[in-house]
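K.L.:
Can you read through this structure? Questions will come right after.
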Amino acid sequence: MSAALLLVVGGLTAVGLYFLTGRSLSRIVLGYSLLGHAAVVSLILAGGGAGEAPIAGQAAPQDMSNPLPQALTLTAIVISFGLTLFLLALAKRQRVLSGDDLVEDDIEDRRIADHDATSATASSDAEIQASATADRP
Amino acid sequence: MTALISIAVIAPLLGAGISLALRNHPKRRDIAVLAGLGLPAASSHALLATVAADGTHTVAVGGWAPELGIVLVADMFAALMLPIALTTIFVVEIFAIGQRKARWGADAALSGPLMCVLTSGVSLAFLTGDLFTLFIAFELILVSSYVLLTHQGTAGQVRSGMTYVVMNLLASTLFLFGVAFVYSATGTVNLALLAERIPQLSDGVRLGIGTWFLVVFGTKAAVFPLFSWLPDSYPTAPTTITAVFAGLLTKIGIYAMIRFHTLTGMDDLGSVMLMVAAITMIVGGLGALAQSDIKRILSFHVISQIGYMLMGLGLFSVAGTAAAILFLIHIMPVKAVLFLLGGLIENNEGSSSLDRSGGLAARKPLIAVMFAVPALSLAGIPPFSGFLAKLAVVSAAIDASATVVVVAGLLAGALTLLSMWKIWNAVFWSKPVADPSPGPAVRNGIKTMHTATALGVIATLIVSLLAGPLLDLSTQAAEDLHDRTVYIEAVRS
């Protein structure tokens, strides 16, 4: 197992997780793709060392690299590519609707919390929406 | 037999394709969707009968050996889940067709085909015999659920959809990491081979894998503390979509957990599971009490009920697993029907908020009666299926002398009853609101929706009536899971 690739997995995971904790959806998209790459590289790593291309007749079976994780990886890459596009579409839609692409709080949760704290100062949805917007970093 | 297994996965996909092609012919499109969902629902009952008579059956897709290829395994556990899950989806889709006629439902051209794709994923998740295909099945379910949840593109749906999508994407990526860990530790992703190889690993590696998948499946199942995405996202979707999500999606997380953790012999994780189960039940129950919107109360119930199934699994006894399986059979139709009724109430009151509704029992006694049955069942009142399922879980826990979790379970039952009482009081018994907000008064299609809901209520009653035989079958499924050799030999041969 290659130490360099292990370091790559670790680095990608760390950076990916850091981006995922952000509020802006475009950072989350970046984080998700980096994390996806880390998962894919670790799948390849799980298949053992590198070898000849696993094509029947071109190399002896014992010299070939393990084709199964490669097949799994290919599937995973396709899925994560499609989902990245979906996330981007969602970010675009959020931008059209609210002018930014920030992930927002649960409005109902905030309403219940406010209700407990001040018992009915914030009542209309518009006020809560306004306070939610004001509290964003 | 091969046909009975394959049809559950293939027919919904065909239905999705055909209904997409027919998107400009509403009638024929609906027929294609209903056929794509109804055919596997019908054949899954035959599959259950065959498996009960002949035992586990497998299909090696493409004829590959189990180490290399994809195996579909119809053991008793999978065969029990399929009919109830597919029938629930079918009933909800009938409701959706009524809703489209009434013009307040989901966008018809997309939601029907997407529901078919989701169904195919559900079948695949139940039947698959390897971890990577389980990942694919989860993705099939999740991708269609992402689109179903957000395709109308309203501000509320995009807002809550983002939390849902990001949380589930993270869980899926963790799943992929888990597959890599398992493959590098054992050299296979086939569940039957894993059942042989994982127990031989050193304790550290074995428990690491077990805990990792507990987190992965726990996020899908929305257990404490991984449930934050659920109560915000479910209520914003159209009724039928929420009904399917609430009825099935979290349960598939629990299904995967029962399948993986019993087959690989993770008994030592039981105490962690019991602790998580106890907190999940209490937090879900308290959360439901704090809400003032029907759909949100019901969403928190989804969380608290998950705790009971985790509790059954965490005992790692045949009785406990059997109780968890019976609970799965009970909860799928009950939960879906409750959300359908929430939709009907919303239709009549113009809102699902408790403050803006009242006096519905006098105006619509039929809805009140239909609501009472699954509500009492969910709260665990005899003689409904919820009582029997909870009794099975609790008595299994008492046998294992897990006192704390029993107390938590009983307390959560009381909390559920209390919050159901809150809905009942506000919606059905309180005085009508002076100026009820005008609901969409489209009569056309309402009959179909009522019929579908009535069918769902009848299905929950049938589960209550057949609880005895179903518990016997669940016990057999649990014995096979804990024995492991049945599963291994079926895949090997």
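By order in the structure tokens, chains are A, B, ...; within a chain, residues start at 1; ligands start at 1, following the order shown.
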At a cut-off of 10 Å, list the chain B residues touching chain A, using only C-alpha atoms, as JSON, numbers by chain.

P.N.:
{"B": [67, 68, 69, 132, 133, 135, 136, 139, 140, 143, 146, 147, 150, 151, 153, 154, 155, 156, 157, 158, 159, 160, 161, 162, 163, 165, 166, 167, 169, 170, 172, 173, 174, 175, 176, 177, 178, 179, 180, 181, 182, 183, 184, 185, 186, 187, 188, 189, 228, 229, 231, 232, 233, 290, 291, 292, 293, 296]}

K.L.:
If we count only C-alpha atoms and set the cut-off at 9 Å, which residues sit around B:Thr416, ignoring sequence neighbours fewer than 6 positions away in its own chain? Please answer as a PDB file with N, CA and C atoms, in the first residue's frame.

P.N.:
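Result file selection.pdb:
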ATOM      1  N   GLY B 284     -37.015  12.199  20.198  1.00  0.00           N
ATOM      2  CA  GLY B 284     -38.067  12.268  19.177  1.00  0.00           C
ATOM      3  C   GLY B 284     -39.418  12.572  19.798  1.00  0.00           C
ATOM      4  N   GLY B 285     -39.724  11.911  20.924  1.00  0.00           N
ATOM      5  CA  GLY B 285     -41.010  12.113  21.592  1.00  0.00           C
ATOM      6  C   GLY B 285     -41.152  13.531  22.108  1.00  0.00           C
ATOM      7  N   LEU B 286     -40.102  14.047  22.743  1.00  0.00           N
ATOM      8  CA  LEU B 286     -40.148  15.423  23.275  1.00  0.00           C
ATOM      9  C   LEU B 286     -40.233  16.425  22.130  1.00  0.00           C
ATOM     10  N   ALA B 288     -41.605  16.015  19.248  1.00  0.00           N
ATOM     11  CA  ALA B 288     -42.966  16.023  18.705  1.00  0.00           C
ATOM     12  C   ALA B 288     -43.884  16.893  19.563  1.00  0.00           C
ATOM     13  N   LEU B 289     -43.718  16.820  20.875  1.00  0.00           N
ATOM     14  CA  LEU B 289     -44.587  17.594  21.778  1.00  0.00           C
ATOM     15  C   LEU B 289     -44.423  19.093  21.557  1.00  0.00           C
ATOM     16  N   HIS B 301     -42.219  11.975  15.151  1.00  0.00           N
ATOM     17  CA  HIS B 301     -42.594  10.596  15.472  1.00  0.00           C
ATOM     18  C   HIS B 301     -41.747   9.606  14.687  1.00  0.00           C
ATOM     19  N   SER B 304     -38.734   9.108  16.790  1.00  0.00           N
ATOM     20  CA  SER B 304     -38.884   8.355  18.050  1.00  0.00           C
ATOM     21  C   SER B 304     -39.166   6.879  17.761  1.00  0.00           C
ATOM     22  N   LEU B 378     -49.908   3.904  16.183  1.00  0.00           N
ATOM     23  CA  LEU B 378     -48.554   4.446  16.368  1.00  0.00           C
ATOM     24  C   LEU B 378     -48.269   4.647  17.852  1.00  0.00           C
ATOM     25  N   ALA B 379     -49.288   5.089  18.600  1.00  0.00           N
ATOM     26  CA  ALA B 379     -49.085   5.335  20.025  1.00  0.00           C
ATOM     27  C   ALA B 379     -49.021   4.034  20.819  1.00  0.00           C
ATOM     28  N   GLY B 380     -49.379   2.909  20.185  1.00  0.00           N
ATOM     29  CA  GLY B 380     -49.251   1.628  20.862  1.00  0.00           C
ATOM     30  C   GLY B 380     -50.444   1.261  21.724  1.00  0.00           C
TER      31      GLY B 380
END

K.L.:
Would you please give, as a ChimeraX atom specification, all residues of stretch 9-59 of chain A that DSSP assigns to helix (DSSP H, G or I) based on the backbone?

P.N.:
/A:9-20,25-46

K.L.:
Could you tell me how far atom CA of B:Leu207 lies from atom CA of B:Leu269, in Å and to one decimal?

P.N.:
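Atom-to-atom, atom CA of B:Leu207 and atom CA of B:Leu269 are spaced 7.6 Å apart.
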